[in-house]
Structures are given as structure tokens and as C-alpha cells.
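Before any comments, here is the structure.
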Amino acid sequence: MARPYRLQAENCLYHITSRGNDRKKIFTSEQDYQKFLEYLKAAKNKFGFYLYAYCLMGNHYHLFLEINQPNLSRIMQYINTSYSAYYNVKRRRSGHLFQGRFKSILVEADSYFLELTRYIHLNPVRAKIVDSPEKYRWSSYNAYINNRPDNLVNKDRIKELLAMDVSKYHKFVLEGIKNTQDPFKNVYAGFILGGVQFIKDKLSQLQTDVETKDVAYKRAVKNIVDPQKIINAVADYFVIDSTQMLMSKKRPMTAKKAALYLLRRKTGLTNAKIGELFNMRLAAVSKAALSFGRMIADDSSLRKAVNQITSKIEV
């Protein structure tokens, strides 16, 4: 099943969740929580997004952030990959730490900023870990209600979006303990949370995004060539038997390097699949193709050969 498109645009706010594989714990020590926050801060410095709220639970976490560029997937890949590597090395384990892709919901700040930050900060209370959100160390709640500077969440922007002082926000959050409201019951199509006009605008933006990607995909597919067609064309040009070229265990000859080079550029085959065709190791495939690329740059006759072969296989 194809992955759904994820709308990523400038100045968009997202509620992010990511869970442990099979709902297993991803934080089992104080050092784990601290390390994750270090990676979160490093991601902020690297990608320049705004962080409005967070809460780290035993087997999952919540983030509420705003991106300045369409790079949400890169941000989350950086965070999850960095933390997974730390976690696996520390415990001498391997395999996936997180359960599939992270989940993101596009949020309209004007309508849901208050509700969503309250929902995030009350996670430990709902889970009965603490009876009041300020007693939980691994969320951004104390950064909201304390006047001390915070080096993780963007307090100045938070104050603008909250439109209420600390005492009122504290009261607002505590009221949510008794009067539990789930802001996600109003999520539209599984990934948009906001008013009617906001939803219409984002769906329109998504349609444009999908159509653009679809055109790019169709263009890419059009340029994909049958691997056997490339192998035959190279063998014909260099007047060599294609089977001999494929199965020879000798150091890659010019024809073989040309075939490897074109297969990497003109097909959807991975290096591993190309290696299977040529009875070569994965690293050797990459090395030979890169070597041929450098040879082309210095040898006009090879460039001519590649151009002539390419003109035949793209007909």
C-alpha cells in the first residue's frame, strides 16, 4: 500500500507523535529522556523550527512545532534516527525502535493552540503518573508557568499565541483534568485540525502538492529503462557477448563499467540488484560506476559512447 502524501509547507504547525515498536518503551532511564531532549535541541539548531510544546512518555512522545521550511520529514528523521542509534548502542540491541512512520496532524494555531498544549501537558496526568502536570519533569509545562528562561521551547512566541498570562493558563490546564476534552475528535481526514476555511485552504494546497508530485513521478517513470535493454545495447556497442559481460569475475572491463553506470542512472534497480546481475558485491558496483563517471569526464570518446548507447535505449 502506498504511503499517503504528507503536506509539508512553510509556516505550518504540527502535532507529532511517535510510538515505540509494538508499543514497547522507548525511555527506560533518566538519561534516555535527557538524551532525547538533547537531540531535539540539536534538531532545532540544525533546522530552525519553533518548538511550542513537548511531552515524553514511557513508550511514546508528543511534539508541537512549527516549521519554517517544508522539511518536517527531515526533522523527524534526524530526531528518531539519532535517538534510535543512541538507544540501540547503549543496550547492545538492533532493529527498529519506533513503530513505523511518525504521525503528524496539521494544526490551525488560532483555533487549537490552547487546547492542544493543554492536551499535551496533561498526558502524564491522564496516564496517572502524576496528579498535577507541574510534577512531571519530561514535558514543557514548567517552562510555561515559570518565568525562568528556557533553552528548548520558544517562550516569546508561545506568549503571543497563548494570549493569556501564566496564572490563567495554569488554571486553564488544571480545569482540563476534570473536564477532559479530546481536541483530536475534530481532526478532519486524519491529518488536519482547524476551522472550515483552514481545512479548505489546506486541502486545496494538498491537491496542488499531490498533482505536482504526480507529474514528477510520471516524468521519472517515463525515464526508467528496461535493464536488459541497457545490457544488450552496451554489449552491441562494445561488440561483446552480454552473458560474458554479466558473469565474468574479472576486474570490470570498460563495457561492464558502462553498463553499471547506465543501470544506476536509467533504471530503478538498487546497487544490490545490479550486483546480483553482474555477480559483484554491492560496494564493487558503486565503485565501478563512480569510476566510470570520472572516466567519462576526461575521455571524449567514452562520452560519445555513452551518448550513442543512451540514444538507442531511450527510443
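Residues in the C-alpha cells are numbered from 1 in each chain, the chains being A, B, ... in the order shown, and ligands are numbered from 1 in the order shown.
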
Mind checking which residues fall within 12 Å of A:Ala127, counting only C-alpha atoms, ignoring those fewer than 6 positions away in the same chain, and posting them as a tab-separated table (two decimals) with C-alpha atoms, in the first residue's frame?
```
chain	number	residue	atom	x	y	z
A	57	MET	CA	6.07	9.41	27.92
A	58	GLY	CA	7.36	5.89	28.51
A	59	ASN	CA	6.52	4.39	25.14
A	120	ILE	CA	-0.07	17.51	25.60
A	121	HIS	CA	0.75	18.74	29.10
A	133	PRO	CA	1.25	18.45	35.34
A	136	TYR	CA	6.16	15.79	35.65
A	177	ILE	CA	-8.12	17.44	34.49
```

Requested in this report: Identify, on the basis of only C-alpha atoms, every residue whose closest approach to A:Phe113 does not exceed 9 Å; exclude the query and any residue fewer than 5 positions from it along the same chain; express the result as a VMD selection string.
Outcome: chain A and resid 107 to 108 118 161 to 162

Just write the chosen residues, all heavy atoms, as a PDB file, in the first residue's frame.
```pdb
ATOM      1  N   VAL A 107      -2.115  21.672  12.181  1.00  0.00           N
ATOM      2  CA  VAL A 107      -2.967  22.350  13.174  1.00  0.00           C
ATOM      3  C   VAL A 107      -3.118  23.841  12.861  1.00  0.00           C
ATOM      4  O   VAL A 107      -2.143  24.512  12.507  1.00  0.00           O
ATOM      5  CB  VAL A 107      -2.366  22.198  14.586  1.00  0.00           C
ATOM      6  CG1 VAL A 107      -3.244  22.901  15.622  1.00  0.00           C
ATOM      7  CG2 VAL A 107      -2.204  20.726  14.940  1.00  0.00           C
ATOM      8  N   GLU A 108      -4.330  24.332  13.007  1.00  0.00           N
ATOM      9  CA  GLU A 108      -4.586  25.775  12.933  1.00  0.00           C
ATOM     10  C   GLU A 108      -4.357  26.376  14.322  1.00  0.00           C
ATOM     11  O   GLU A 108      -5.075  26.057  15.273  1.00  0.00           O
ATOM     12  CB  GLU A 108      -6.016  26.054  12.478  1.00  0.00           C
ATOM     13  CG  GLU A 108      -6.318  27.541  12.352  1.00  0.00           C
ATOM     14  CD  GLU A 108      -7.741  27.818  11.920  1.00  0.00           C
ATOM     15  OE1 GLU A 108      -8.606  26.930  12.080  1.00  0.00           O
ATOM     16  OE2 GLU A 108      -7.995  28.934  11.433  1.00  0.00           O
ATOM     17  N   ARG A 118      -2.665  22.129  26.186  1.00  0.00           N
ATOM     18  CA  ARG A 118      -3.237  21.540  27.406  1.00  0.00           C
ATOM     19  C   ARG A 118      -3.296  20.015  27.290  1.00  0.00           C
ATOM     20  O   ARG A 118      -2.927  19.306  28.234  1.00  0.00           O
ATOM     21  CB  ARG A 118      -4.638  22.090  27.670  1.00  0.00           C
ATOM     22  CG  ARG A 118      -5.299  21.432  28.876  1.00  0.00           C
ATOM     23  CD  ARG A 118      -6.503  22.189  29.377  1.00  0.00           C
ATOM     24  NE  ARG A 118      -7.651  22.113  28.503  1.00  0.00           N
ATOM     25  CZ  ARG A 118      -8.851  22.634  28.800  1.00  0.00           C
ATOM     26  NH1 ARG A 118      -9.025  23.288  29.944  1.00  0.00           N
ATOM     27  NH2 ARG A 118      -9.844  22.544  27.948  1.00  0.00           N
ATOM     28  N   LEU A 161       0.955  33.447  21.212  1.00  0.00           N
ATOM     29  CA  LEU A 161      -0.086  32.524  20.772  1.00  0.00           C
ATOM     30  C   LEU A 161      -1.064  32.165  21.886  1.00  0.00           C
ATOM     31  O   LEU A 161      -2.244  31.887  21.628  1.00  0.00           O
ATOM     32  CB  LEU A 161       0.553  31.249  20.211  1.00  0.00           C
ATOM     33  CG  LEU A 161       1.293  31.436  18.881  1.00  0.00           C
ATOM     34  CD1 LEU A 161       2.214  30.260  18.595  1.00  0.00           C
ATOM     35  CD2 LEU A 161       0.295  31.608  17.740  1.00  0.00           C
ATOM     36  N   LEU A 162      -0.604  32.177  23.138  1.00  0.00           N
ATOM     37  CA  LEU A 162      -1.481  31.849  24.262  1.00  0.00           C
ATOM     38  C   LEU A 162      -2.501  32.943  24.511  1.00  0.00           C
ATOM     39  O   LEU A 162      -3.659  32.676  24.849  1.00  0.00           O
ATOM     40  CB  LEU A 162      -0.669  31.631  25.541  1.00  0.00           C
ATOM     41  CG  LEU A 162       0.031  30.283  25.719  1.00  0.00           C
ATOM     42  CD1 LEU A 162       0.788  30.266  27.036  1.00  0.00           C
ATOM     43  CD2 LEU A 162      -0.969  29.138  25.676  1.00  0.00           C
TER      44      LEU A 162
END
```

Requested in this report: Quick one: everything within 12 Å of A:Phe292, counting only C-alpha atoms, minus sequence neighbours fewer than 4 positions away in the same chain. Send it as a PyMOL selection string.
Outcome: chain A and resi 252-262+264+285-288+296-299+302-303+306

Next, write the just-selected residues to a file, as a PDB file, in the first residue's frame, keeping N, CA, C and O atoms as the atom set.
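Saved to part06.pdb:
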```pdb
ATOM      1  N   PRO A 252      36.213  -5.352 -13.575  1.00  0.00           N
ATOM      2  CA  PRO A 252      35.274  -4.788 -14.554  1.00  0.00           C
ATOM      3  C   PRO A 252      35.971  -4.118 -15.728  1.00  0.00           C
ATOM      4  O   PRO A 252      36.792  -3.230 -15.566  1.00  0.00           O
ATOM      5  N   MET A 253      35.639  -4.595 -16.935  1.00  0.00           N
ATOM      6  CA  MET A 253      36.148  -4.001 -18.159  1.00  0.00           C
ATOM      7  C   MET A 253      35.356  -2.738 -18.467  1.00  0.00           C
ATOM      8  O   MET A 253      34.376  -2.425 -17.787  1.00  0.00           O
ATOM      9  N   THR A 254      35.768  -2.020 -19.492  1.00  0.00           N
ATOM     10  CA  THR A 254      35.103  -0.763 -19.845  1.00  0.00           C
ATOM     11  C   THR A 254      33.627  -0.973 -20.143  1.00  0.00           C
ATOM     12  O   THR A 254      32.771  -0.206 -19.674  1.00  0.00           O
ATOM     13  N   ALA A 255      33.308  -2.008 -20.901  1.00  0.00           N
ATOM     14  CA  ALA A 255      31.906  -2.273 -21.248  1.00  0.00           C
ATOM     15  C   ALA A 255      31.078  -2.549 -20.001  1.00  0.00           C
ATOM     16  O   ALA A 255      29.947  -2.068 -19.850  1.00  0.00           O
ATOM     17  N   LYS A 256      31.645  -3.322 -19.100  1.00  0.00           N
ATOM     18  CA  LYS A 256      30.936  -3.672 -17.866  1.00  0.00           C
ATOM     19  C   LYS A 256      30.701  -2.426 -17.019  1.00  0.00           C
ATOM     20  O   LYS A 256      29.615  -2.220 -16.463  1.00  0.00           O
ATOM     21  N   LYS A 257      31.735  -1.578 -16.919  1.00  0.00           N
ATOM     22  CA  LYS A 257      31.585  -0.337 -16.160  1.00  0.00           C
ATOM     23  C   LYS A 257      30.515   0.558 -16.780  1.00  0.00           C
ATOM     24  O   LYS A 257      29.737   1.198 -16.068  1.00  0.00           O
ATOM     25  N   ALA A 258      30.485   0.599 -18.110  1.00  0.00           N
ATOM     26  CA  ALA A 258      29.474   1.415 -18.794  1.00  0.00           C
ATOM     27  C   ALA A 258      28.070   0.912 -18.475  1.00  0.00           C
ATOM     28  O   ALA A 258      27.142   1.707 -18.232  1.00  0.00           O
ATOM     29  N   ALA A 259      27.909  -0.418 -18.481  1.00  0.00           N
ATOM     30  CA  ALA A 259      26.596  -0.994 -18.168  1.00  0.00           C
ATOM     31  C   ALA A 259      26.190  -0.676 -16.732  1.00  0.00           C
ATOM     32  O   ALA A 259      25.047  -0.305 -16.458  1.00  0.00           O
ATOM     33  N   LEU A 260      27.127  -0.811 -15.806  1.00  0.00           N
ATOM     34  CA  LEU A 260      26.845  -0.496 -14.403  1.00  0.00           C
ATOM     35  C   LEU A 260      26.442   0.962 -14.245  1.00  0.00           C
ATOM     36  O   LEU A 260      25.476   1.301 -13.536  1.00  0.00           O
ATOM     37  N   TYR A 261      27.184   1.828 -14.906  1.00  0.00           N
ATOM     38  CA  TYR A 261      26.926   3.263 -14.846  1.00  0.00           C
ATOM     39  C   TYR A 261      25.512   3.590 -15.344  1.00  0.00           C
ATOM     40  O   TYR A 261      24.758   4.326 -14.693  1.00  0.00           O
ATOM     41  N   LEU A 262      25.150   3.029 -16.484  1.00  0.00           N
ATOM     42  CA  LEU A 262      23.838   3.319 -17.080  1.00  0.00           C
ATOM     43  C   LEU A 262      22.698   2.666 -16.301  1.00  0.00           C
ATOM     44  O   LEU A 262      21.606   3.235 -16.186  1.00  0.00           O
ATOM     45  N   ARG A 264      22.589   2.224 -13.111  1.00  0.00           N
ATOM     46  CA  ARG A 264      22.360   3.062 -11.923  1.00  0.00           C
ATOM     47  C   ARG A 264      21.604   4.339 -12.266  1.00  0.00           C
ATOM     48  O   ARG A 264      20.807   4.834 -11.472  1.00  0.00           O
ATOM     49  N   VAL A 285      29.992  -2.544  -7.128  1.00  0.00           N
ATOM     50  CA  VAL A 285      29.096  -1.925  -8.115  1.00  0.00           C
ATOM     51  C   VAL A 285      29.216  -0.413  -8.040  1.00  0.00           C
ATOM     52  O   VAL A 285      29.412   0.283  -9.047  1.00  0.00           O
ATOM     53  N   SER A 286      29.101   0.105  -6.847  1.00  0.00           N
ATOM     54  CA  SER A 286      29.182   1.547  -6.643  1.00  0.00           C
ATOM     55  C   SER A 286      30.541   2.094  -7.074  1.00  0.00           C
ATOM     56  O   SER A 286      30.626   3.123  -7.758  1.00  0.00           O
ATOM     57  N   LYS A 287      31.600   1.402  -6.691  1.00  0.00           N
ATOM     58  CA  LYS A 287      32.957   1.846  -7.003  1.00  0.00           C
ATOM     59  C   LYS A 287      33.187   1.878  -8.517  1.00  0.00           C
ATOM     60  O   LYS A 287      33.752   2.851  -9.058  1.00  0.00           O
ATOM     61  N   ALA A 288      32.744   0.831  -9.223  1.00  0.00           N
ATOM     62  CA  ALA A 288      32.945   0.751 -10.670  1.00  0.00           C
ATOM     63  C   ALA A 288      32.155   1.831 -11.407  1.00  0.00           C
ATOM     64  O   ALA A 288      32.653   2.461 -12.343  1.00  0.00           O
ATOM     65  N   ILE A 296      34.455   9.264 -17.875  1.00  0.00           N
ATOM     66  CA  ILE A 296      33.691   9.996 -18.885  1.00  0.00           C
ATOM     67  C   ILE A 296      34.099  11.470 -18.912  1.00  0.00           C
ATOM     68  O   ILE A 296      34.207  12.085 -19.976  1.00  0.00           O
ATOM     69  N   ALA A 297      34.314  12.012 -17.728  1.00  0.00           N
ATOM     70  CA  ALA A 297      34.653  13.431 -17.638  1.00  0.00           C
ATOM     71  C   ALA A 297      35.953  13.753 -18.359  1.00  0.00           C
ATOM     72  O   ALA A 297      36.128  14.871 -18.872  1.00  0.00           O
ATOM     73  N   ASP A 298      36.859  12.768 -18.435  1.00  0.00           N
ATOM     74  CA  ASP A 298      38.184  13.012 -19.020  1.00  0.00           C
ATOM     75  C   ASP A 298      38.352  12.430 -20.423  1.00  0.00           C
ATOM     76  O   ASP A 298      39.376  12.686 -21.081  1.00  0.00           O
ATOM     77  N   ASP A 299      37.379  11.662 -20.882  1.00  0.00           N
ATOM     78  CA  ASP A 299      37.555  10.940 -22.145  1.00  0.00           C
ATOM     79  C   ASP A 299      36.363  11.222 -23.071  1.00  0.00           C
ATOM     80  O   ASP A 299      35.250  10.731 -22.845  1.00  0.00           O
ATOM     81  N   LEU A 302      34.602   8.141 -24.639  1.00  0.00           N
ATOM     82  CA  LEU A 302      33.660   7.446 -23.754  1.00  0.00           C
ATOM     83  C   LEU A 302      32.344   8.213 -23.643  1.00  0.00           C
ATOM     84  O   LEU A 302      31.269   7.612 -23.588  1.00  0.00           O
ATOM     85  N   ARG A 303      32.448   9.536 -23.605  1.00  0.00           N
ATOM     86  CA  ARG A 303      31.221  10.342 -23.563  1.00  0.00           C
ATOM     87  C   ARG A 303      30.389  10.095 -24.816  1.00  0.00           C
ATOM     88  O   ARG A 303      29.158   9.980 -24.751  1.00  0.00           O
ATOM     89  N   VAL A 306      28.669   6.686 -24.499  1.00  0.00           N
ATOM     90  CA  VAL A 306      27.504   6.733 -23.594  1.00  0.00           C
ATOM     91  C   VAL A 306      26.335   7.435 -24.269  1.00  0.00           C
ATOM     92  O   VAL A 306      25.184   6.993 -24.173  1.00  0.00           O
TER      93      VAL A 306
END
```

Query - strand (DSSP E or B) call set, DSSP backbone run, stretch 49-282 of chain A, as number ranges by chain - result: A: 50-56, 60-67, 98, 103-107, 139, 188, 192-193

Now that the selection is made, can you save its residues with N, CA and C atoms as a compact mmCIF listing (two decimals), in the first residue's frame?
```txt
# COMPACT_ATOMS: atom_id res chain seq x y z
N TYR A 50 10.33 26.10 15.23
CA TYR A 50 9.88 26.58 16.54
C TYR A 50 9.24 25.42 17.30
N LEU A 51 9.61 25.26 18.55
CA LEU A 51 9.02 24.22 19.39
C LEU A 51 8.10 24.87 20.41
N TYR A 52 6.84 24.45 20.40
CA TYR A 52 5.84 25.06 21.28
C TYR A 52 5.48 24.19 22.48
N ALA A 53 5.58 22.90 22.36
CA ALA A 53 5.27 22.02 23.49
C ALA A 53 5.84 20.63 23.22
N TYR A 54 6.11 19.92 24.31
CA TYR A 54 6.54 18.53 24.18
C TYR A 54 6.16 17.78 25.45
N CYS A 55 6.05 16.46 25.31
CA CYS A 55 5.85 15.60 26.47
C CYS A 55 6.39 14.22 26.10
N LEU A 56 7.34 13.75 26.90
CA LEU A 56 7.95 12.45 26.67
C LEU A 56 7.34 11.44 27.64
N HIS A 60 6.08 6.58 24.13
CA HIS A 60 5.82 7.48 23.02
C HIS A 60 6.16 8.91 23.41
N TYR A 61 6.08 9.80 22.44
CA TYR A 61 6.27 11.22 22.77
C TYR A 61 5.35 12.09 21.92
N HIS A 62 5.14 13.32 22.40
CA HIS A 62 4.36 14.32 21.69
C HIS A 62 5.23 15.55 21.46
N LEU A 63 5.15 16.11 20.26
CA LEU A 63 5.78 17.38 19.95
C LEU A 63 4.75 18.29 19.29
N PHE A 64 4.85 19.58 19.56
CA PHE A 64 4.02 20.57 18.89
C PHE A 64 4.99 21.62 18.35
N LEU A 65 5.11 21.67 17.04
CA LEU A 65 6.15 22.53 16.46
C LEU A 65 5.66 23.23 15.19
N GLU A 66 6.41 24.24 14.79
CA GLU A 66 6.13 24.99 13.56
C GLU A 66 7.39 24.98 12.70
N ILE A 67 7.23 24.59 11.44
CA ILE A 67 8.38 24.55 10.55
C ILE A 67 8.42 25.80 9.68
N PHE A 98 11.22 2.59 16.82
CA PHE A 98 9.92 3.24 16.67
C PHE A 98 9.01 2.43 15.75
N LYS A 103 3.44 10.09 13.29
CA LYS A 103 2.13 10.61 12.90
C LYS A 103 2.12 12.12 13.05
N SER A 104 1.63 12.81 12.05
CA SER A 104 1.59 14.27 12.11
C SER A 104 0.18 14.78 11.79
N ILE A 105 -0.25 15.77 12.54
CA ILE A 105 -1.53 16.43 12.29
C ILE A 105 -1.27 17.92 12.10
N LEU A 106 -1.71 18.44 10.98
CA LEU A 106 -1.56 19.85 10.66
C LEU A 106 -2.58 20.65 11.46
N VAL A 107 -2.12 21.67 12.18
CA VAL A 107 -2.97 22.35 13.17
C VAL A 107 -3.12 23.84 12.86
N SER A 139 8.13 17.23 30.39
CA SER A 139 7.24 17.97 29.49
C SER A 139 7.61 19.44 29.53
N TYR A 188 -9.89 16.34 10.80
CA TYR A 188 -10.52 16.07 9.51
C TYR A 188 -9.58 15.23 8.64
N ILE A 192 -5.79 16.92 9.55
CA ILE A 192 -5.97 18.37 9.63
C ILE A 192 -6.87 18.70 10.82
N LEU A 193 -6.43 19.65 11.63
CA LEU A 193 -7.21 20.10 12.78
C LEU A 193 -7.36 21.61 12.70
```

Report task. Compile the contact shell of stretch 78-94 of chain A as a list in words: residues with an atom at most 6 Å away, counting only C-alpha atoms, same-chain residues fewer than 3 positions apart removed. Result -> Tyr39, Ile75 and Leu97 of chain A

For C-alpha atoms, I'd like the residues from the last selection saved as a PDB file, in the first residue's frame.
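The file below, again12.pdb, is the result:
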```pdb
ATOM      1  CA  TYR A  39      18.675  15.557  20.097  1.00  0.00           C
ATOM      2  CA  ILE A  75      13.491  16.948  11.051  1.00  0.00           C
ATOM      3  CA  LEU A  97      12.902   1.295  17.997  1.00  0.00           C
TER       4      LEU A  97
END
```

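With only C-alpha atoms as the basis for measurement, A:Asn307 is the residue among A:Asn307, A:Lys171, A:Leu37, A:Pro70 that approaches A:Val234 most closely.
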
Contacts of A:Ile145 at 10 Å or less, counting only C-alpha atoms, minus same-chain residues fewer than 4 places along, as a short mmCIF file (atom, residue, chain, number, x, y, z; two decimals) with N, CA, C and O atoms, in the first residue's frame?
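That gives us part-v9.cif:
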```cif
data_model
loop_
_atom_site.label_atom_id
_atom_site.label_comp_id
_atom_site.auth_asym_id
_atom_site.auth_seq_id
_atom_site.Cartn_x
_atom_site.Cartn_y
_atom_site.Cartn_z
N GLU A 134 2.63 19.97 36.70
CA GLU A 134 3.92 20.58 37.06
C GLU A 134 4.85 19.60 37.78
O GLU A 134 6.05 19.85 37.93
N SER A 140 7.01 20.22 28.66
CA SER A 140 7.31 21.65 28.59
C SER A 140 6.44 22.48 29.52
O SER A 140 6.52 23.71 29.53
N TYR A 141 5.61 21.83 30.35
CA TYR A 141 4.65 22.57 31.15
C TYR A 141 5.31 23.57 32.10
O TYR A 141 4.87 24.73 32.21
N ASP A 165 -2.06 35.23 30.56
CA ASP A 165 -0.89 35.19 31.43
C ASP A 165 -0.71 33.80 32.06
O ASP A 165 -1.54 32.90 31.89
N VAL A 166 0.38 33.65 32.79
CA VAL A 166 0.76 32.36 33.36
C VAL A 166 -0.30 31.79 34.28
O VAL A 166 -0.66 30.60 34.20
N SER A 167 -0.83 32.62 35.17
CA SER A 167 -1.81 32.14 36.15
C SER A 167 -3.09 31.65 35.46
O SER A 167 -3.67 30.63 35.86
N LYS A 168 -3.52 32.36 34.44
CA LYS A 168 -4.72 31.96 33.74
C LYS A 168 -4.50 30.65 32.97
O LYS A 168 -5.37 29.79 32.90
N TYR A 169 -3.31 30.52 32.38
CA TYR A 169 -3.02 29.29 31.66
C TYR A 169 -2.96 28.10 32.62
O TYR A 169 -3.48 27.02 32.32
N HIS A 170 -2.34 28.32 33.77
CA HIS A 170 -2.27 27.26 34.79
C HIS A 170 -3.67 26.81 35.18
O HIS A 170 -3.95 25.60 35.26
#
```

Query - Separation of atom CA of A:Arg74 from atom CA of A:Ala289, in Å and rounded to one decimal - result: 28.0 Å

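Going from atom CA of A:Leu7 to atom CA of A:Val187 covers 14.9 Å.
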
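Distances from A:Cys12, A:Ala283, A:Leu116, A:Val125 to A:Asn186 were compared using only C-alpha atoms, and the smallest one belongs to A:Leu116.
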
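The nearest approach to A:Asn21 among the residues A:His96, A:Lys200, A:Arg137, A:Lys185, with only C-alpha atoms taken into account, belongs to A:His96.
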